[in-house]
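A quick write-up on the structure given underneath.
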Amino acid sequence: MVILSDNFEYEQKLKNSIEKVSNFVLSTYGPFGQNVLINRNGKSFLTKDGVTVAKAVTSNDPIESAIIDIIKQTAESTVRDAGDGTTSSILFLTKFINEIKNLLKVTNQNDITPSKVKECFETIFNKLF
């Protein structure tokens, strides 16, 4: 995957995209989460709904926008399949991407196996739960 390569520009865009979405969406997490002010088409409203917040995040950069769209798809799939939990799914996705990036930094990319990816999942799961 090109975005997870050694290319600093892509690495930075990946980081910016993840931070952009996660900073807004994760601020709504849990019973003490914050409301987020969204201005859409000249109308402003407050929401604490993770998928609504995720849908409102945009970028003018085409690469960042593509990454943000992937994160939005995660939130929308969660709503469609489970009815709730979008903030949790975005939290999991961002942690997973960061773990994979760490794996790629310390491992020869040719040595990445399904068991290594499974280890990433387990590491993230243990950190979150």
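Chain identifiers are assigned as A, B, and so on, following the order in which chains appear in the structure tokens; residues are numbered from 1 within each chain, and ligands are numbered from 1 in order of appearance.
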
Exercise. Among chain A, which ones does DSSP place in helix (DSSP H, G or I), written as a VMD selection string?
Worked result: chain A and resid 2 to 4 8 to 28 50 to 56 62 to 82 86 to 106 109 to 111 114 to 128

Considering only strand (DSSP E or B) as DSSP defines it on the backbone, what residues of stretch 29-82 of chain A qualify? List them as a PDB file with all heavy atoms, in the first residue's frame.
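Output file part-v1.pdb is given in full below:
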ATOM      1  N   VAL A  36     -19.955  18.670  19.358  1.00  0.00           N
ATOM      2  CA  VAL A  36     -19.170  19.282  18.299  1.00  0.00           C
ATOM      3  C   VAL A  36     -20.092  20.197  17.499  1.00  0.00           C
ATOM      4  O   VAL A  36     -21.206  19.804  17.152  1.00  0.00           O
ATOM      5  CB  VAL A  36     -18.548  18.207  17.374  1.00  0.00           C
ATOM      6  CG1 VAL A  36     -17.844  18.835  16.188  1.00  0.00           C
ATOM      7  CG2 VAL A  36     -17.592  17.317  18.160  1.00  0.00           C
ATOM      8  N   LEU A  37     -19.630  21.406  17.231  1.00  0.00           N
ATOM      9  CA  LEU A  37     -20.396  22.364  16.427  1.00  0.00           C
ATOM     10  C   LEU A  37     -20.073  22.133  14.962  1.00  0.00           C
ATOM     11  O   LEU A  37     -18.918  22.167  14.550  1.00  0.00           O
ATOM     12  CB  LEU A  37     -20.039  23.800  16.817  1.00  0.00           C
ATOM     13  CG  LEU A  37     -20.717  24.911  16.018  1.00  0.00           C
ATOM     14  CD1 LEU A  37     -22.227  24.882  16.231  1.00  0.00           C
ATOM     15  CD2 LEU A  37     -20.137  26.262  16.407  1.00  0.00           C
ATOM     16  N   ILE A  38     -21.110  21.876  14.170  1.00  0.00           N
ATOM     17  CA  ILE A  38     -20.949  21.632  12.735  1.00  0.00           C
ATOM     18  C   ILE A  38     -21.708  22.705  11.982  1.00  0.00           C
ATOM     19  O   ILE A  38     -22.851  23.015  12.320  1.00  0.00           O
ATOM     20  CB  ILE A  38     -21.478  20.230  12.352  1.00  0.00           C
ATOM     21  CG1 ILE A  38     -20.634  19.162  13.044  1.00  0.00           C
ATOM     22  CG2 ILE A  38     -21.480  20.045  10.840  1.00  0.00           C
ATOM     23  CD1 ILE A  38     -21.133  17.760  12.849  1.00  0.00           C
ATOM     24  N   ASN A  39     -21.061  23.268  10.974  1.00  0.00           N
ATOM     25  CA  ASN A  39     -21.712  24.240  10.106  1.00  0.00           C
ATOM     26  C   ASN A  39     -21.786  23.625   8.722  1.00  0.00           C
ATOM     27  O   ASN A  39     -20.769  23.399   8.078  1.00  0.00           O
ATOM     28  CB  ASN A  39     -20.921  25.547  10.076  1.00  0.00           C
ATOM     29  CG  ASN A  39     -21.634  26.614   9.284  1.00  0.00           C
ATOM     30  OD1 ASN A  39     -22.278  26.341   8.280  1.00  0.00           O
ATOM     31  ND2 ASN A  39     -21.505  27.840   9.740  1.00  0.00           N
ATOM     32  N   ARG A  40     -23.005  23.345   8.288  1.00  0.00           N
ATOM     33  CA  ARG A  40     -23.207  22.716   6.989  1.00  0.00           C
ATOM     34  C   ARG A  40     -24.216  23.557   6.205  1.00  0.00           C
ATOM     35  O   ARG A  40     -25.323  23.786   6.666  1.00  0.00           O
ATOM     36  CB  ARG A  40     -23.732  21.293   7.173  1.00  0.00           C
ATOM     37  CG  ARG A  40     -23.773  20.515   5.879  1.00  0.00           C
ATOM     38  CD  ARG A  40     -24.266  19.088   6.083  1.00  0.00           C
ATOM     39  NE  ARG A  40     -23.310  18.332   6.889  1.00  0.00           N
ATOM     40  CZ  ARG A  40     -23.668  17.328   7.692  1.00  0.00           C
ATOM     41  NH1 ARG A  40     -24.903  16.973   7.811  1.00  0.00           N
ATOM     42  NH2 ARG A  40     -22.754  16.695   8.378  1.00  0.00           N
ATOM     43  N   LYS A  43     -25.921  26.427   7.959  1.00  0.00           N
ATOM     44  CA  LYS A  43     -26.697  26.115   9.160  1.00  0.00           C
ATOM     45  C   LYS A  43     -25.788  25.429  10.170  1.00  0.00           C
ATOM     46  O   LYS A  43     -25.052  24.498   9.830  1.00  0.00           O
ATOM     47  CB  LYS A  43     -27.882  25.213   8.823  1.00  0.00           C
ATOM     48  CG  LYS A  43     -28.901  25.885   7.931  1.00  0.00           C
ATOM     49  CD  LYS A  43     -30.074  24.966   7.677  1.00  0.00           C
ATOM     50  CE  LYS A  43     -31.056  25.687   6.747  1.00  0.00           C
ATOM     51  NZ  LYS A  43     -32.218  24.855   6.462  1.00  0.00           N
ATOM     52  N   SER A  44     -25.840  25.885  11.399  1.00  0.00           N
ATOM     53  CA  SER A  44     -25.001  25.322  12.453  1.00  0.00           C
ATOM     54  C   SER A  44     -25.841  24.477  13.397  1.00  0.00           C
ATOM     55  O   SER A  44     -26.997  24.798  13.670  1.00  0.00           O
ATOM     56  CB  SER A  44     -24.327  26.440  13.247  1.00  0.00           C
ATOM     57  OG  SER A  44     -23.481  27.181  12.407  1.00  0.00           O
ATOM     58  N   PHE A  45     -25.240  23.405  13.891  1.00  0.00           N
ATOM     59  CA  PHE A  45     -25.904  22.582  14.891  1.00  0.00           C
ATOM     60  C   PHE A  45     -24.856  21.857  15.732  1.00  0.00           C
ATOM     61  O   PHE A  45     -23.709  21.708  15.322  1.00  0.00           O
ATOM     62  CB  PHE A  45     -26.869  21.575  14.236  1.00  0.00           C
ATOM     63  CG  PHE A  45     -26.214  20.604  13.295  1.00  0.00           C
ATOM     64  CD1 PHE A  45     -25.829  19.346  13.726  1.00  0.00           C
ATOM     65  CD2 PHE A  45     -26.000  20.941  11.960  1.00  0.00           C
ATOM     66  CE1 PHE A  45     -25.234  18.447  12.848  1.00  0.00           C
ATOM     67  CE2 PHE A  45     -25.413  20.049  11.083  1.00  0.00           C
ATOM     68  CZ  PHE A  45     -25.031  18.793  11.534  1.00  0.00           C
ATOM     69  N   LEU A  46     -25.262  21.446  16.923  1.00  0.00           N
ATOM     70  CA  LEU A  46     -24.400  20.694  17.824  1.00  0.00           C
ATOM     71  C   LEU A  46     -24.773  19.221  17.756  1.00  0.00           C
ATOM     72  O   LEU A  46     -25.953  18.880  17.668  1.00  0.00           O
ATOM     73  CB  LEU A  46     -24.576  21.174  19.269  1.00  0.00           C
ATOM     74  CG  LEU A  46     -24.046  22.559  19.595  1.00  0.00           C
ATOM     75  CD1 LEU A  46     -24.497  22.980  20.983  1.00  0.00           C
ATOM     76  CD2 LEU A  46     -22.536  22.587  19.498  1.00  0.00           C
ATOM     77  N   THR A  47     -23.772  18.369  17.822  1.00  0.00           N
ATOM     78  CA  THR A  47     -24.027  16.941  17.851  1.00  0.00           C
ATOM     79  C   THR A  47     -22.928  16.233  18.613  1.00  0.00           C
ATOM     80  O   THR A  47     -21.809  16.735  18.716  1.00  0.00           O
ATOM     81  CB  THR A  47     -24.155  16.341  16.429  1.00  0.00           C
ATOM     82  OG1 THR A  47     -24.551  14.976  16.546  1.00  0.00           O
ATOM     83  CG2 THR A  47     -22.850  16.439  15.659  1.00  0.00           C
TER      84      THR A  47
END

For this session: Can you pull out every residue within 12 Å of stretch 19-25 of chain A, counting only C-alpha atoms, but drop anything in the same chain fewer than 4 positions away, and send it as a PyMOL selection string?
Result: chain A and resi 12-15+29-30+33-38+47-59+64-65+67-72+74-75+85-95+97-98

Can I get the selection written as a tab-separated table (two decimals), in the first residue's frame, with C-alpha atoms?
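So the final result, stored in selection-v4.tsv, reads:
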chain	number	residue	atom	x	y	z
A	12	GLN	CA	2.47	12.94	6.97
A	13	LYS	CA	-0.82	13.04	5.04
A	14	LEU	CA	-1.89	9.77	6.65
A	15	LYS	CA	-1.07	11.17	10.08
A	29	TYR	CA	-16.64	9.46	23.11
A	30	GLY	CA	-18.44	8.19	26.18
A	33	GLY	CA	-17.94	13.36	25.56
A	34	GLN	CA	-18.16	16.85	24.11
A	35	ASN	CA	-20.65	18.21	21.62
A	36	VAL	CA	-19.17	19.28	18.30
A	37	LEU	CA	-20.40	22.36	16.43
A	38	ILE	CA	-20.95	21.63	12.74
A	47	THR	CA	-24.03	16.94	17.85
A	48	LYS	CA	-22.32	14.20	19.80
A	49	ASP	CA	-23.03	11.56	17.15
A	50	GLY	CA	-19.76	10.07	15.88
A	51	VAL	CA	-20.91	9.31	12.34
A	52	THR	CA	-22.39	12.81	11.91
A	53	VAL	CA	-19.12	14.34	13.10
A	54	ALA	CA	-17.07	12.04	10.84
A	55	LYS	CA	-19.20	12.94	7.81
A	56	ALA	CA	-18.52	16.64	8.45
A	57	VAL	CA	-14.72	16.30	8.34
A	58	THR	CA	-13.19	17.33	5.02
A	59	SER	CA	-9.85	18.14	3.46
A	64	GLU	CA	-6.01	13.29	2.85
A	65	SER	CA	-9.56	13.38	1.51
A	67	ILE	CA	-8.03	8.62	3.72
A	68	ILE	CA	-10.78	10.58	5.48
A	69	ASP	CA	-13.31	8.89	3.18
A	70	ILE	CA	-12.04	5.46	4.29
A	71	ILE	CA	-12.50	6.46	7.92
A	72	LYS	CA	-16.00	7.76	7.13
A	74	THR	CA	-15.83	2.67	8.65
A	75	ALA	CA	-18.23	4.84	10.66
A	85	GLY	CA	-20.53	2.39	17.99
A	86	THR	CA	-19.10	4.65	15.30
A	87	THR	CA	-16.79	6.45	17.69
A	88	SER	CA	-15.48	3.11	18.96
A	89	SER	CA	-14.92	1.84	15.43
A	90	ILE	CA	-12.99	5.00	14.50
A	91	LEU	CA	-10.94	4.64	17.68
A	92	PHE	CA	-10.16	1.03	16.74
A	93	LEU	CA	-9.34	1.93	13.13
A	94	THR	CA	-6.96	4.74	14.09
A	95	LYS	CA	-5.19	2.54	16.64
A	97	ILE	CA	-3.43	2.01	11.44
A	98	ASN	CA	-0.89	3.30	13.96

Problem set entry | Proximity to A:Asn16 - best of A:Ile124, A:Ala82, A:Asp111, A:Asp61, only C-alpha atoms | A:Asp61

Seminar exercise, completed: Expressed in Å, the length from atom CA of A:Phe125 to atom CA of A:Arg80 is 22.5 Å

For this session: Figure out the distance between atom CA of A:Ile18 and atom CA of A:Lys101, please, to one decimal in Å.
Result: 12.4 Å

For this session: With a distance cut-off of 12 Å and only C-alpha atoms, select the neighbouring residues of A:Val117, excluding the residue or stretch itself and same-chain residues fewer than 2 positions from it, and output the selection as a ChimeraX atom specification.
Result: /A:96-97,99-104,107,109,111-115,119-124
